[in-house]
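The structure file coords-v2.txt is reproduced below (compact mmCIF, C-alpha atoms).
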# COMPACT_ATOMS: atom_id res chain seq x y z
CA MET A 1 0.00 0.00 0.00
CA LEU A 2 1.18 3.49 -0.77
CA HIS A 3 -0.34 5.75 1.86
CA ARG A 4 1.63 8.58 3.38
CA HIS A 5 1.17 9.36 7.06
CA ALA A 6 0.65 13.07 7.55
CA LYS A 7 3.46 13.24 10.04
CA ALA A 8 5.98 11.69 7.66
CA GLY A 9 5.45 14.67 5.35
CA CYS A 10 7.26 -23.68 -25.18
CA VAL A 11 7.21 -24.18 -29.13
CA ALA A 12 6.72 -21.13 -31.26
CA ILE A 13 4.72 -21.64 -34.46
CA ALA A 14 4.43 -18.91 -37.13
CA ALA A 15 6.59 -15.93 -37.81
CA ALA A 16 7.29 -13.44 -35.09
CA GLY A 17 6.97 -9.74 -35.71
CA ALA A 18 3.51 -9.71 -37.26
CA VAL A 19 1.80 -6.36 -36.95
CA VAL A 20 -1.57 -6.74 -35.30
CA LEU A 21 -3.96 -4.87 -37.58
CA THR A 22 -6.15 -7.64 -39.01
CA LEU A 23 -9.41 -9.39 -38.19
CA LEU A 24 -10.34 -13.05 -38.39
CA PRO A 25 -11.38 -13.68 -41.99
CA GLY A 26 -15.06 -14.35 -42.42
CA SER A 27 -15.87 -13.76 -38.77
CA ALA A 28 -18.85 -11.81 -37.51
CA ALA A 29 -16.41 -9.21 -36.26
CA ALA A 30 -14.95 -8.81 -39.73
CA ARG A 31 -18.40 -8.32 -41.19
CA GLN A 32 -19.19 -5.75 -38.50
CA ALA A 33 -15.90 -3.94 -39.19
CA ALA A 34 -17.05 -3.41 -42.76
CA GLU A 35 -20.18 -1.60 -41.63
CA PRO A 36 -19.95 2.19 -42.02
CA THR A 37 -20.80 2.81 -38.35
CA ALA A 38 -18.17 0.43 -36.97
CA ARG A 39 -14.97 1.95 -35.61
CA SER A 40 -11.49 0.49 -35.28
CA ALA A 41 -10.18 -0.46 -31.86
CA ALA A 42 -7.86 2.55 -31.85
CA ASP A 43 -10.75 4.87 -32.67
CA THR A 44 -13.02 3.23 -30.08
CA LEU A 45 -10.43 3.64 -27.33
CA GLY A 46 -9.65 7.24 -28.24
CA VAL A 47 -5.98 6.66 -29.03
CA ALA A 48 -5.84 9.86 -31.03
CA ALA A 49 -6.87 11.73 -27.88
CA ALA A 50 -3.66 10.77 -26.04
CA PRO A 51 -2.26 14.13 -24.94
CA PRO A 52 1.36 15.21 -25.45
CA GLN A 53 2.29 14.69 -21.78
CA VAL A 54 1.32 11.00 -22.03
CA LEU A 55 3.49 10.57 -25.10
CA ARG A 56 6.39 12.45 -23.49
CA ALA A 57 6.22 10.29 -20.36
CA MET A 58 6.19 7.13 -22.47
CA GLN A 59 9.28 8.40 -24.31
CA ARG A 60 11.05 9.12 -21.02
CA ASP A 61 10.15 5.94 -19.12
CA LEU A 62 9.98 3.39 -21.96
CA GLY A 63 12.82 4.75 -24.12
CA LEU A 64 10.64 5.44 -27.14
CA THR A 65 10.59 8.06 -29.84
CA GLY A 66 7.45 10.14 -30.29
CA ALA A 67 6.44 8.11 -33.33
CA GLU A 68 7.00 4.83 -31.47
CA ALA A 69 4.87 6.01 -28.57
CA ARG A 70 1.95 6.83 -30.87
CA GLU A 71 2.34 3.60 -32.82
CA ARG A 72 2.53 1.60 -29.59
CA LEU A 73 -0.82 2.91 -28.38
CA VAL A 74 -2.43 2.07 -31.72
CA ASN A 75 -0.94 -1.42 -31.77
CA GLU A 76 -1.96 -2.12 -28.18
CA ALA A 77 -5.55 -1.12 -28.88
CA GLU A 78 -5.74 -3.30 -31.99
CA ALA A 79 -3.93 -6.20 -30.29
CA GLY A 80 -6.43 -6.22 -27.45
CA ALA A 81 -9.30 -6.56 -29.91
CA VAL A 82 -7.64 -9.30 -31.99
CA ALA A 83 -6.67 -11.28 -28.87
CA ALA A 84 -10.21 -10.99 -27.54
CA ARG A 85 -11.69 -12.43 -30.76
CA LEU A 86 -9.16 -15.25 -30.77
CA ARG A 87 -9.98 -16.04 -27.15
CA GLN A 88 -13.61 -16.59 -28.17
CA ARG A 89 -12.59 -18.75 -31.13
CA LEU A 90 -10.08 -20.90 -29.23
CA ALA A 91 -12.47 -21.37 -26.27
CA GLY A 92 -11.12 -23.92 -23.78
CA ALA A 93 -7.74 -24.23 -25.53
CA TYR A 94 -6.90 -20.55 -25.02
CA ALA A 95 -3.80 -20.06 -22.88
CA GLY A 96 -3.32 -16.29 -22.77
CA SER A 97 -1.93 -13.49 -24.94
CA TRP A 98 0.57 -10.67 -24.70
CA VAL A 99 2.20 -7.92 -26.74
CA SER A 100 5.94 -7.37 -27.15
CA GLY A 101 8.43 -5.15 -28.94
CA ALA A 102 9.27 -1.49 -28.44
CA ASP A 103 6.07 -0.46 -30.22
CA SER A 104 4.00 -3.53 -29.16
CA ALA A 105 3.88 -4.61 -32.80
CA THR A 106 3.88 -8.35 -32.00
CA LEU A 107 0.87 -10.05 -30.48
CA THR A 108 1.43 -13.62 -29.27
CA VAL A 109 -1.55 -15.86 -28.59
CA ALA A 110 -0.99 -19.15 -26.76
CA THR A 111 -3.05 -22.30 -27.25
CA THR A 112 -2.87 -25.92 -26.18
CA ARG A 113 -3.94 -27.13 -29.66
CA ALA A 114 -1.35 -27.06 -32.46
CA ALA A 115 -4.21 -27.04 -34.98
CA ASP A 116 -5.14 -23.51 -33.83
CA ALA A 117 -1.89 -22.02 -35.20
CA ALA A 118 -3.35 -21.35 -38.65
CA ALA A 119 -6.25 -19.32 -37.26
CA ILE A 120 -3.93 -17.36 -35.00
CA THR A 121 -1.52 -16.46 -37.79
CA ALA A 122 -4.40 -15.61 -40.13
CA ALA A 123 -5.46 -13.01 -37.56
CA GLY A 124 -2.02 -11.37 -37.74
CA ALA A 125 -0.63 -12.78 -34.50
CA ARG A 126 2.17 -15.14 -33.52
CA ALA A 127 1.09 -18.59 -32.26
CA GLU A 128 2.66 -20.43 -29.35
CA VAL A 129 1.65 -23.97 -28.38
CA VAL A 130 1.85 -24.62 -24.63
CA PRO A 131 0.84 -27.46 -22.29
CA HIS A 132 -1.57 -25.64 -19.95
CA THR A 133 -4.77 -23.70 -20.62
CA LEU A 134 -5.42 -20.34 -19.03
CA ALA A 135 -8.38 -21.88 -17.19
CA ALA A 136 -6.10 -24.49 -15.60
CA LEU A 137 -3.60 -21.84 -14.52
CA GLU A 138 -6.30 -19.63 -13.07
CA GLY A 139 -7.70 -22.65 -11.21
CA ALA A 140 -4.31 -23.28 -9.61
CA LYS A 141 -3.98 -19.64 -8.62
CA ALA A 142 -7.48 -19.69 -7.10
CA ALA A 143 -6.39 -22.64 -4.96
CA LEU A 144 -3.42 -20.60 -3.73
CA ASP A 145 -5.76 -17.69 -2.95
CA ARG A 146 -7.97 -19.95 -0.83
CA ALA A 147 -4.95 -21.36 1.01
CA ALA A 148 -3.66 -17.86 1.75
CA ALA A 149 -7.07 -16.82 3.08
CA ARG A 150 -6.91 -19.69 5.55
CA ASN A 151 -3.37 -19.00 6.67
CA SER A 152 -1.95 -15.70 5.44
CA SER A 153 1.82 -15.24 5.56
CA THR A 154 4.04 -12.51 4.18
CA ALA A 155 6.82 -15.05 3.65
CA ALA A 156 5.40 -15.77 0.16
CA PRO A 157 4.10 -12.31 -0.69
CA VAL A 158 3.23 -12.44 -4.41
CA TRP A 159 1.78 -14.99 -6.81
CA TYR A 160 0.29 -14.60 -10.27
CA VAL A 161 -0.61 -16.24 -13.56
CA ASP A 162 2.31 -15.65 -15.95
CA VAL A 163 0.88 -16.29 -19.42
CA ARG A 164 4.26 -15.75 -21.07
CA ALA A 165 5.79 -18.56 -18.98
CA ASN A 166 2.55 -20.67 -19.07
CA SER A 167 2.70 -21.18 -15.31
CA VAL A 168 1.64 -19.80 -11.97
CA VAL A 169 4.58 -18.09 -10.27
CA VAL A 170 4.96 -17.80 -6.50
CA GLN A 171 7.56 -15.25 -5.41
CA ALA A 172 9.09 -15.64 -1.98
CA VAL A 173 12.03 -14.45 0.06
CA ARG A 174 12.37 -18.02 1.32
CA PRO A 175 11.47 -20.78 -1.21
CA ALA A 176 10.40 -23.04 1.66
CA ALA A 177 7.57 -20.63 2.45
CA ALA A 178 6.35 -20.80 -1.16
CA ASP A 179 6.53 -24.60 -1.08
CA ALA A 180 4.43 -24.61 2.08
CA LEU A 181 1.78 -22.39 0.49
CA ILE A 182 1.63 -24.60 -2.61
CA ALA A 183 1.44 -27.83 -0.57
CA GLY A 184 -1.34 -26.40 1.57
CA SER A 185 -3.35 -25.30 -1.45
CA GLY A 186 -3.66 -28.66 -3.17
CA ALA A 187 -2.77 -26.99 -6.49
CA ASP A 188 -1.19 -29.13 -9.19
CA ARG A 189 2.55 -28.68 -8.56
CA GLY A 190 3.22 -29.07 -12.25
CA LEU A 191 1.43 -25.78 -12.88
CA VAL A 192 3.34 -23.77 -10.30
CA ARG A 193 6.94 -22.64 -10.08
CA VAL A 194 8.75 -20.82 -7.29
CA ALA A 195 10.85 -17.72 -7.87
CA SER A 196 13.15 -16.26 -5.27
CA SER A 197 12.54 -12.55 -4.76
CA PRO A 198 13.60 -9.99 -2.15
CA GLU A 199 10.37 -8.02 -2.67
CA GLN A 200 8.28 -7.41 0.41
CA PRO A 201 5.37 -5.26 -0.82
CA ARG A 202 3.60 -2.93 1.57
CA PRO A 203 0.75 -0.45 1.32
CA LEU A 204 1.99 2.96 0.20
CA TYR A 205 -0.01 5.14 2.49
CA ASP A 206 0.86 8.32 2.68
CA ILE A 207 -11.46 15.38 -8.03
CA ARG A 208 -8.91 14.82 -10.56
CA GLY A 209 -7.07 11.52 -10.68
CA GLY A 210 -3.66 11.71 -9.04
CA ASP A 211 -4.45 14.70 -6.79
CA ALA A 212 -3.80 14.38 -3.06
CA TYR A 213 -6.48 14.00 -0.43
CA TYR A 214 -6.23 13.63 3.33
CA MET A 215 -8.06 11.16 5.54
CA GLY A 216 -9.43 12.39 8.86
CA GLY A 217 -6.15 14.14 9.65
CA SER A 218 -4.26 10.81 9.74
CA GLY A 219 -2.55 10.57 6.37
CA ARG A 220 -2.54 11.25 2.64
CA CYS A 221 -3.55 9.22 -0.41
CA SER A 222 -4.29 9.98 -4.06
CA VAL A 223 -7.51 10.25 -6.04
CA GLY A 224 -8.01 7.41 -8.51
CA PHE A 225 -10.77 8.34 -10.95
CA ALA A 226 -13.69 10.72 -10.74
CA ILE A 227 -17.06 8.96 -10.67
CA THR A 228 -20.74 9.58 -10.23
CA ARG A 229 -23.41 7.53 -8.51
CA GLY A 230 -26.74 8.94 -9.52
CA ALA A 231 -26.58 12.64 -8.62
CA THR A 232 -23.66 12.09 -6.22
CA GLN A 233 -20.16 13.01 -7.34
CA GLY A 234 -16.92 11.61 -5.95
CA PHE A 235 -13.96 9.39 -6.75
CA ALA A 236 -12.66 5.83 -6.69
CA THR A 237 -9.57 5.05 -4.65
CA ALA A 238 -7.81 2.32 -2.62
CA GLY A 239 -9.62 0.60 0.25
CA HIS A 240 -6.64 0.67 2.59
CA CYS A 241 -6.76 4.49 2.60
CA GLY A 242 -9.89 4.64 4.74
CA ARG A 243 -12.98 2.93 6.10
CA ALA A 244 -16.63 3.79 5.54
CA GLY A 245 -17.28 7.03 7.40
CA THR A 246 -13.70 8.32 7.23
CA THR A 247 -13.85 12.00 6.33
CA THR A 248 -11.60 13.55 3.69
CA THR A 249 -10.19 16.93 2.77
CA GLY A 250 -8.90 17.76 -0.69
CA TYR A 251 -5.46 18.68 -2.00
CA ASN A 252 -6.18 22.24 -0.75
CA GLN A 253 -7.15 21.01 2.77
CA VAL A 254 -10.78 22.08 2.18
CA ALA A 255 -13.53 19.72 3.44
CA GLN A 256 -14.24 17.28 0.64
CA GLY A 257 -16.44 14.32 1.62
CA SER A 258 -16.32 10.87 3.19
CA PHE A 259 -15.71 7.22 2.38
CA GLN A 260 -18.99 5.50 1.52
CA ALA A 261 -17.63 1.96 1.22
CA SER A 262 -14.25 0.29 1.54
CA THR A 263 -12.89 -3.24 1.13
CA PHE A 264 -9.46 -4.24 2.43
CA PRO A 265 -7.90 -6.80 2.55
CA GLY A 266 -9.31 -9.31 0.02
CA ARG A 267 -9.66 -6.44 -2.46
CA ASP A 268 -8.31 -2.90 -2.25
CA THR A 269 -11.32 -0.82 -3.31
CA ALA A 270 -13.17 2.21 -1.99
CA TRP A 271 -15.13 5.24 -3.08
CA VAL A 272 -15.58 8.68 -1.61
CA ALA A 273 -18.70 10.82 -2.01
CA ALA A 274 -17.85 14.51 -2.33
CA ASN A 275 -19.86 17.41 -0.95
CA THR A 276 -21.49 19.97 -3.25
CA ASN A 277 -18.36 22.14 -3.32
CA TRP A 278 -16.58 19.54 -5.40
CA THR A 279 -17.28 18.51 -9.01
CA SER A 280 -16.12 15.30 -10.66
CA THR A 281 -13.97 15.96 -13.72
CA PRO A 282 -13.01 13.43 -16.41
CA TYR A 283 -9.28 13.97 -16.02
CA VAL A 284 -6.11 12.57 -14.48
CA LYS A 285 -3.28 14.84 -13.37
CA GLY A 286 -0.46 14.44 -15.88
CA SER A 287 3.08 15.72 -16.13
CA GLY A 288 3.39 19.33 -15.02
CA GLY A 289 -0.15 19.29 -13.65
CA GLN A 290 -1.76 19.18 -17.09
CA ASN A 291 -5.03 17.32 -17.62
CA VAL A 292 -5.04 13.86 -19.20
CA GLN A 293 -8.53 12.99 -20.38
CA VAL A 294 -10.29 9.73 -19.54
CA THR A 295 -12.48 8.31 -22.31
CA GLY A 296 -13.24 4.79 -21.07
CA SER A 297 -12.11 1.76 -19.09
CA VAL A 298 -11.11 -0.99 -21.54
CA GLN A 299 -8.47 -3.25 -19.97
CA SER A 300 -5.06 -3.25 -21.69
CA PRO A 301 -3.23 -6.55 -22.42
CA VAL A 302 -0.14 -7.98 -20.78
CA GLY A 303 2.94 -6.17 -22.08
CA ALA A 304 1.05 -2.96 -22.81
CA SER A 305 2.19 0.45 -21.67
CA VAL A 306 0.56 2.03 -18.63
CA CYS A 307 1.10 5.30 -16.76
CA ARG A 308 0.43 6.21 -13.14
CA SER A 309 -0.39 9.50 -11.44
CA GLY A 310 0.13 10.01 -7.73
CA SER A 311 0.45 12.86 -5.26
CA THR A 312 3.99 11.94 -4.14
CA THR A 313 5.90 11.05 -7.28
CA GLY A 314 3.65 12.45 -9.99
CA TRP A 315 3.58 10.89 -13.44
CA HIS A 316 5.46 7.68 -14.31
CA CYS A 317 5.04 5.00 -16.99
CA GLY A 318 5.95 1.36 -17.44
CA THR A 319 4.39 -1.88 -18.67
CA ILE A 320 1.80 -4.40 -17.48
CA GLN A 321 3.51 -7.57 -16.31
CA GLN A 322 0.62 -9.79 -15.20
CA HIS A 323 -3.09 -9.54 -14.56
CA ASN A 324 -4.79 -11.64 -11.85
CA THR A 325 -2.03 -11.29 -9.28
CA SER A 326 -2.28 -11.93 -5.55
CA VAL A 327 -0.07 -10.00 -3.13
CA THR A 328 0.25 -10.36 0.62
CA TYR A 329 0.79 -7.21 2.67
CA PRO A 330 1.26 -7.22 6.44
CA GLU A 331 -2.51 -6.59 6.73
CA GLY A 332 -3.54 -9.56 4.55
CA THR A 333 -3.77 -10.87 1.00
CA ILE A 334 -5.21 -8.88 -1.91
CA SER A 335 -6.34 -10.84 -4.99
CA GLY A 336 -7.11 -9.83 -8.54
CA VAL A 337 -4.63 -6.96 -8.82
CA THR A 338 -2.36 -6.20 -11.79
CA ARG A 339 1.43 -6.20 -11.46
CA THR A 340 3.42 -3.50 -13.27
CA THR A 341 6.93 -2.11 -13.72
CA VAL A 342 5.77 1.39 -12.79
CA CYS A 343 7.37 2.86 -9.68
CA ALA A 344 5.45 4.41 -6.77
CA GLU A 345 6.08 5.66 -3.23
CA PRO A 346 4.12 6.37 -0.04
CA GLY A 347 1.28 8.81 -0.69
CA ASP A 348 0.67 7.49 -4.23
CA SER A 349 -1.89 4.95 -2.97
CA GLY A 350 -5.28 5.16 -4.62
CA GLY A 351 -3.91 7.09 -7.59
CA SER A 352 -4.71 6.56 -11.25
CA TYR A 353 -3.36 3.97 -13.68
CA ILE A 354 -4.21 4.81 -17.30
CA SER A 355 -3.28 3.41 -20.74
CA GLY A 356 -3.65 6.07 -23.41
CA SER A 357 -7.01 7.49 -22.35
CA GLN A 358 -8.43 4.25 -20.88
CA ALA A 359 -8.69 4.00 -17.09
CA GLN A 360 -7.00 0.83 -15.80
CA GLY A 361 -7.06 0.91 -12.00
CA VAL A 362 -6.11 2.50 -8.69
CA THR A 363 -2.69 2.14 -7.06
CA SER A 364 -2.60 -0.45 -4.26
CA GLY A 365 0.98 -1.10 -3.14
CA GLY A 366 4.40 -2.29 -4.13
CA SER A 367 8.11 -2.34 -3.43
CA GLY A 368 11.07 -0.16 -4.37
CA ASP A 369 10.84 3.54 -5.18
CA CYS A 370 11.08 5.99 -8.08
CA ARG A 371 14.84 6.51 -7.67
CA SER A 372 15.98 2.89 -7.98
CA GLY A 373 12.81 1.49 -9.59
CA GLY A 374 10.27 -0.96 -8.27
CA THR A 375 7.17 -3.09 -8.76
CA THR A 376 3.69 -1.73 -8.13
CA PHE A 377 0.21 -3.27 -8.12
CA TYR A 378 -3.10 -1.71 -9.07
CA GLN A 379 -6.69 -2.69 -8.35
CA PRO A 380 -8.52 -2.91 -11.71
CA ILE A 381 -11.14 -0.19 -12.14
CA ASN A 382 -13.99 -2.16 -13.75
CA PRO A 383 -14.61 -4.56 -10.84
CA LEU A 384 -14.45 -1.56 -8.50
CA LEU A 385 -17.07 0.35 -10.51
CA GLN A 386 -19.31 -2.71 -10.69
CA SER A 387 -19.13 -3.60 -7.01
CA TYR A 388 -20.21 -0.12 -5.87
CA GLY A 389 -22.54 0.79 -8.75
CA LEU A 390 -20.37 3.70 -9.91
CA THR A 391 -20.12 5.40 -13.31
CA LEU A 392 -16.72 6.49 -14.54
CA LYS A 393 -16.56 10.18 -15.45
CA THR A 394 -15.37 10.50 -19.06
CA THR A 395 -14.63 13.52 -21.22
CA THR A 396 -17.29 13.25 -23.91
CA ASP A 397 -19.68 10.94 -25.65
CA PRO A 398 -17.18 8.73 -27.50
CA GLY A 399 -18.81 9.47 -30.82
CA ASP A 400 -22.41 8.38 -31.29
CA PRO A 401 -22.56 7.42 -34.97
CA GLY A 402 -26.27 8.24 -35.15
CA ASP A 403 -29.54 7.87 -33.35
CA PRO A 404 -30.25 4.12 -33.18
CA GLY A 405 -33.88 4.81 -32.33
CA ASP A 406 -35.22 2.32 -29.82
CA PRO A 407 -33.56 -0.97 -30.77
CA GLY A 408 -34.55 -2.74 -27.57
CA GLY A 409 -32.47 -5.39 -25.83
CA THR A 410 -30.51 -5.84 -22.63
CA TRP A 411 -27.45 -3.70 -23.44
CA ALA A 412 -27.33 -0.56 -21.28
CA ALA A 413 -24.91 2.33 -21.01
CA GLY A 414 -23.29 2.54 -17.59
CA THR A 415 -23.21 -1.23 -17.10
CA VAL A 416 -19.86 -2.91 -16.49
CA TYR A 417 -19.49 -5.89 -18.82
CA ALA A 418 -16.91 -8.64 -18.28
CA THR A 419 -15.31 -10.64 -21.07
CA GLY A 420 -17.79 -13.28 -22.25
CA ALA A 421 -20.92 -11.49 -21.07
CA GLN A 422 -23.85 -11.66 -23.50
CA VAL A 423 -26.40 -8.96 -24.32
CA THR A 424 -29.11 -8.40 -26.88
CA TYR A 425 -29.36 -5.29 -29.03
CA GLY A 426 -31.55 -4.59 -32.03
CA GLY A 427 -32.80 -8.17 -32.12
CA ALA A 428 -29.30 -9.70 -32.17
CA THR A 429 -27.14 -11.31 -29.48
CA TYR A 430 -23.61 -10.08 -28.81
CA ARG A 431 -20.73 -11.41 -26.70
CA CYS A 432 -18.36 -9.05 -24.86
CA LEU A 433 -14.77 -9.33 -26.07
CA GLN A 434 -13.01 -6.91 -23.68
CA GLY A 435 -14.20 -5.89 -20.23
CA HIS A 436 -15.40 -2.27 -20.01
CA GLN A 437 -18.08 0.06 -18.71
CA ALA A 438 -20.54 0.74 -21.53
CA GLN A 439 -21.07 4.28 -22.81
CA PRO A 440 -23.42 5.95 -25.31
CA GLY A 441 -21.85 5.50 -28.73
CA TRP A 442 -20.44 2.10 -27.75
CA GLU A 443 -23.56 0.17 -28.83
CA PRO A 444 -22.54 -3.41 -29.77
CA PRO A 445 -22.95 -3.11 -33.57
CA ASN A 446 -20.74 -0.01 -33.62
CA VAL A 447 -17.66 -1.23 -31.71
CA PRO A 448 -16.33 -4.59 -32.96
CA ALA A 449 -13.30 -4.09 -30.71
CA LEU A 450 -15.61 -4.64 -27.74
CA TRP A 451 -18.49 -6.81 -29.00
CA GLN A 452 -18.87 -9.78 -31.34
CA ARG A 453 -22.17 -10.97 -32.74
CA ALA A 454 -22.89 -14.39 -31.23
Show me the file's structure as structure tokens.
Amino acid sequence: MLHRHAKAGCVAIAAAGAVVLTLLPGSAAARQAAEPTARSAADTLGVAAAPPQVLRAMQRDLGLTGAEARERLVNEAEAGAVAARLRQRLAGAYAGSWVSGADSATLTVATTRAADAAAITAAGARAEVVPHTLAALEGAKAALDRAAARNSSTAAPVWYVDVRANSVVVQAVRPAAADALIAGSGADRGLVRVASSPEQPRPLYDIRGGDAYYMGGSGRCSVGFAITRGATQGFATAGHCGRAGTTTTGYNQVAQGSFQASTFPGRDTAWVAANTNWTSTPYVKGSGGQNVQVTGSVQSPVGASVCRSGSTTGWHCGTIQQHNTSVTYPEGTISGVTRTTVCAEPGDSGGSYISGSQAQGVTSGGSGDCRSGGTTFYQPINPLLQSYGLTLKTTTDPGDPGDPGDPGGTWAAGTVYATGAQVTYGGATYRCLQGHQAQPGWEPPNVPALWQRA
């Protein structure tokens, strides 16, 4: 946790290097992409809206040129859509996907069936045949989560599904502690490997994303993302920063609001309702205090770039290492967080993680610092929004291509949809490809990056 106390101030098949800008031939998604109202993944996710300070930070922290930074955001958006369609096609054989290369130009999709390689390469990706499905790996990790809940120990502080290694990795200062956790979980030992690591993550304690706020006079955290709940305005943040009822003051020490709900440990989620003096804005604080707009909440893939804003260390970028990570702090185990290479320090807790203009999550905790580098974890934003019934504040309607009339169906703006969810719209059934909170203009027929006709 990053909360500042007030007083402390396998076998590769197919050619690598394929640029991910194609769709599965003959698929429903390809047919939708040909429709005049359908938008590309990059257009849907507002890649063109990435402000200069985002691109400059990516150049600084990822060693890119300006052109590479722009191309990377485009490739990551398109890769996420292609990987999502392949995940639906491969079904139970799917074993994960990730992007690589300085500009994320290579998408790799793993499968347990060699016969799937042709479909993967036809989609513009690189195929890798591996022994274990993603479902099997996630099942093993879930067993570790249950074991940790029964007997939490910081001796094995981090474990996650590593799709690139096709295994579940348990990091520990002492390997014997990891072995004990694995043995107690009943997980298939063939799916899990132990990695020695000196990391000992802790919470970094110390309404624009990244701005400071203060909790009941006891410490400082950072705003995650501005939200609304009905007529109430406020923000999402980390659960370890405060409990329900904890009062807050803003970056200017003016009375701001109070925590309405908080979960920690288990998850690291919370939201604060602001008083009428405060207005939710669809921005994150970028480099030099400039506004970075938020246009949605589509989850970025493993290997993608991501930037963080916090009230201690400001604006820093890195890459996504693993989703579905569990980390044990002294207070208990947190599950379902994302592990990144972005640095953070005390006081950054709760702050914003954003890829391009897509909200990713709120800072939870980590190890290291922004001088020597470190590892940081964020709580994904979509489960947080769903659990509390919140609506992410975004800059504008993402581009309604026209009045659809009253098509009927179950799809609804403001709803958080997980990958695989099904809705009806205009008499047709659609399956969600990438988790997101729906917005006007993102109706299923118009955004093949997010929805596929079932």
Test item: which residues lie within 12 Å of (-5.9, 19.2, -18.8) counting all atoms listed in the file, as a list in words: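 Counting all atoms listed in the file, I find these residues within 12 Å of (-5.9, 19.2, -18.8): Ala49, Ala50, Pro51, Pro52, Gln53, Val54, Arg208, Gly209, Thr281, Pro282, Tyr283, Val284, Lys285, Gly286, Ser287, Gly288, Gly289, Gln290, Asn291, Val292, Gln293, Val294 and Thr395 of chain A.
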Dump of C-alpha atoms for the selected residues, as a PDB file, keeping the file's coordinate frame:
ATOM      1  CA  ALA A  49      -6.870  11.730 -27.880  1.00  0.00           C
ATOM      2  CA  ALA A  50      -3.660  10.770 -26.040  1.00  0.00           C
ATOM      3  CA  PRO A  51      -2.260  14.130 -24.940  1.00  0.00           C
ATOM      4  CA  PRO A  52       1.360  15.210 -25.450  1.00  0.00           C
ATOM      5  CA  GLN A  53       2.290  14.690 -21.780  1.00  0.00           C
ATOM      6  CA  VAL A  54       1.320  11.000 -22.030  1.00  0.00           C
ATOM      7  CA  ARG A 208      -8.910  14.820 -10.560  1.00  0.00           C
ATOM      8  CA  GLY A 209      -7.070  11.520 -10.680  1.00  0.00           C
ATOM      9  CA  THR A 281     -13.970  15.960 -13.720  1.00  0.00           C
ATOM     10  CA  PRO A 282     -13.010  13.430 -16.410  1.00  0.00           C
ATOM     11  CA  TYR A 283      -9.280  13.970 -16.020  1.00  0.00           C
ATOM     12  CA  VAL A 284      -6.110  12.570 -14.480  1.00  0.00           C
ATOM     13  CA  LYS A 285      -3.280  14.840 -13.370  1.00  0.00           C
ATOM     14  CA  GLY A 286      -0.460  14.440 -15.880  1.00  0.00           C
ATOM     15  CA  SER A 287       3.080  15.720 -16.130  1.00  0.00           C
ATOM     16  CA  GLY A 288       3.390  19.330 -15.020  1.00  0.00           C
ATOM     17  CA  GLY A 289      -0.150  19.290 -13.650  1.00  0.00           C
ATOM     18  CA  GLN A 290      -1.760  19.180 -17.090  1.00  0.00           C
ATOM     19  CA  ASN A 291      -5.030  17.320 -17.620  1.00  0.00           C
ATOM     20  CA  VAL A 292      -5.040  13.860 -19.200  1.00  0.00           C
ATOM     21  CA  GLN A 293      -8.530  12.990 -20.380  1.00  0.00           C
ATOM     22  CA  VAL A 294     -10.290   9.730 -19.540  1.00  0.00           C
ATOM     23  CA  THR A 395     -14.630  13.520 -21.220  1.00  0.00           C
TER      24      THR A 395
END
Stretch 79-89 of chain A surroundings by all atoms listed in the file, 7 Å radius, close-in-sequence under 3 positions cut, as a ChimeraX atom specification: /A:20,23,41,75-76,94,97,107,109,300-301,433-434,449-450
Selection: 6 Å around A:Thr319, only C-alpha atoms, excl. self and same-chain fewer than 6 positions, as a ChimeraX atom specification: /A:303-306,340-341
Nearest residue to A:Ala187 from the set A:Ala140, A:Leu384, A:Val170, A:Ala69 (distances using all atoms listed in the file):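 Ranking A:Ala140, A:Leu384, A:Val170, A:Ala69 by distance to A:Ala187, first place goes to A:Ala140.
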Counting all atoms listed in the file, the residue of A:Ala270, A:Cys370, A:Val298, A:Val192 that sits nearest A:Cys317: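 Once distances to A:Cys317 are computed over all atoms listed in the file, the minimum belongs to A:Cys370.
Separating atom CA of A:Ala42 from atom CA of A:Ile227 is a distance of 24.0 Å.
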Distance criterion (all atoms listed in the file): nearest to A:Ala91 out of A:Gly420, A:Thr237, A:Ala127, A:Thr276: A:Gly420
Take stretch 135-140 of chain A, bring it up to N, CA and C atoms, and give me the output as an mmCIF file, in the frame of the given file.
data_model
loop_
_atom_site.group_PDB
_atom_site.id
_atom_site.type_symbol
_atom_site.label_atom_id
_atom_site.label_comp_id
_atom_site.auth_asym_id
_atom_site.auth_seq_id
_atom_site.Cartn_x
_atom_site.Cartn_y
_atom_site.Cartn_z
ATOM 1 N N ALA A 135 -7.420 -21.457 -18.219
ATOM 2 C CA ALA A 135 -8.380 -21.880 -17.190
ATOM 3 C C ALA A 135 -7.700 -22.743 -16.135
ATOM 4 N N ALA A 136 -6.798 -23.637 -16.572
ATOM 5 C CA ALA A 136 -6.100 -24.490 -15.600
ATOM 6 C C ALA A 136 -5.185 -23.661 -14.713
ATOM 7 N N LEU A 137 -4.479 -22.691 -15.314
ATOM 8 C CA LEU A 137 -3.600 -21.840 -14.520
ATOM 9 C C LEU A 137 -4.383 -21.000 -13.527
ATOM 10 N N GLU A 138 -5.488 -20.446 -13.977
ATOM 11 C CA GLU A 138 -6.300 -19.630 -13.070
ATOM 12 C C GLU A 138 -6.903 -20.487 -11.958
ATOM 13 N N GLY A 139 -7.205 -21.755 -12.256
ATOM 14 C CA GLY A 139 -7.700 -22.650 -11.210
ATOM 15 C C GLY A 139 -6.656 -22.903 -10.138
ATOM 16 N N ALA A 140 -5.389 -23.071 -10.572
ATOM 17 C CA ALA A 140 -4.310 -23.280 -9.610
ATOM 18 C C ALA A 140 -4.092 -22.040 -8.760
#
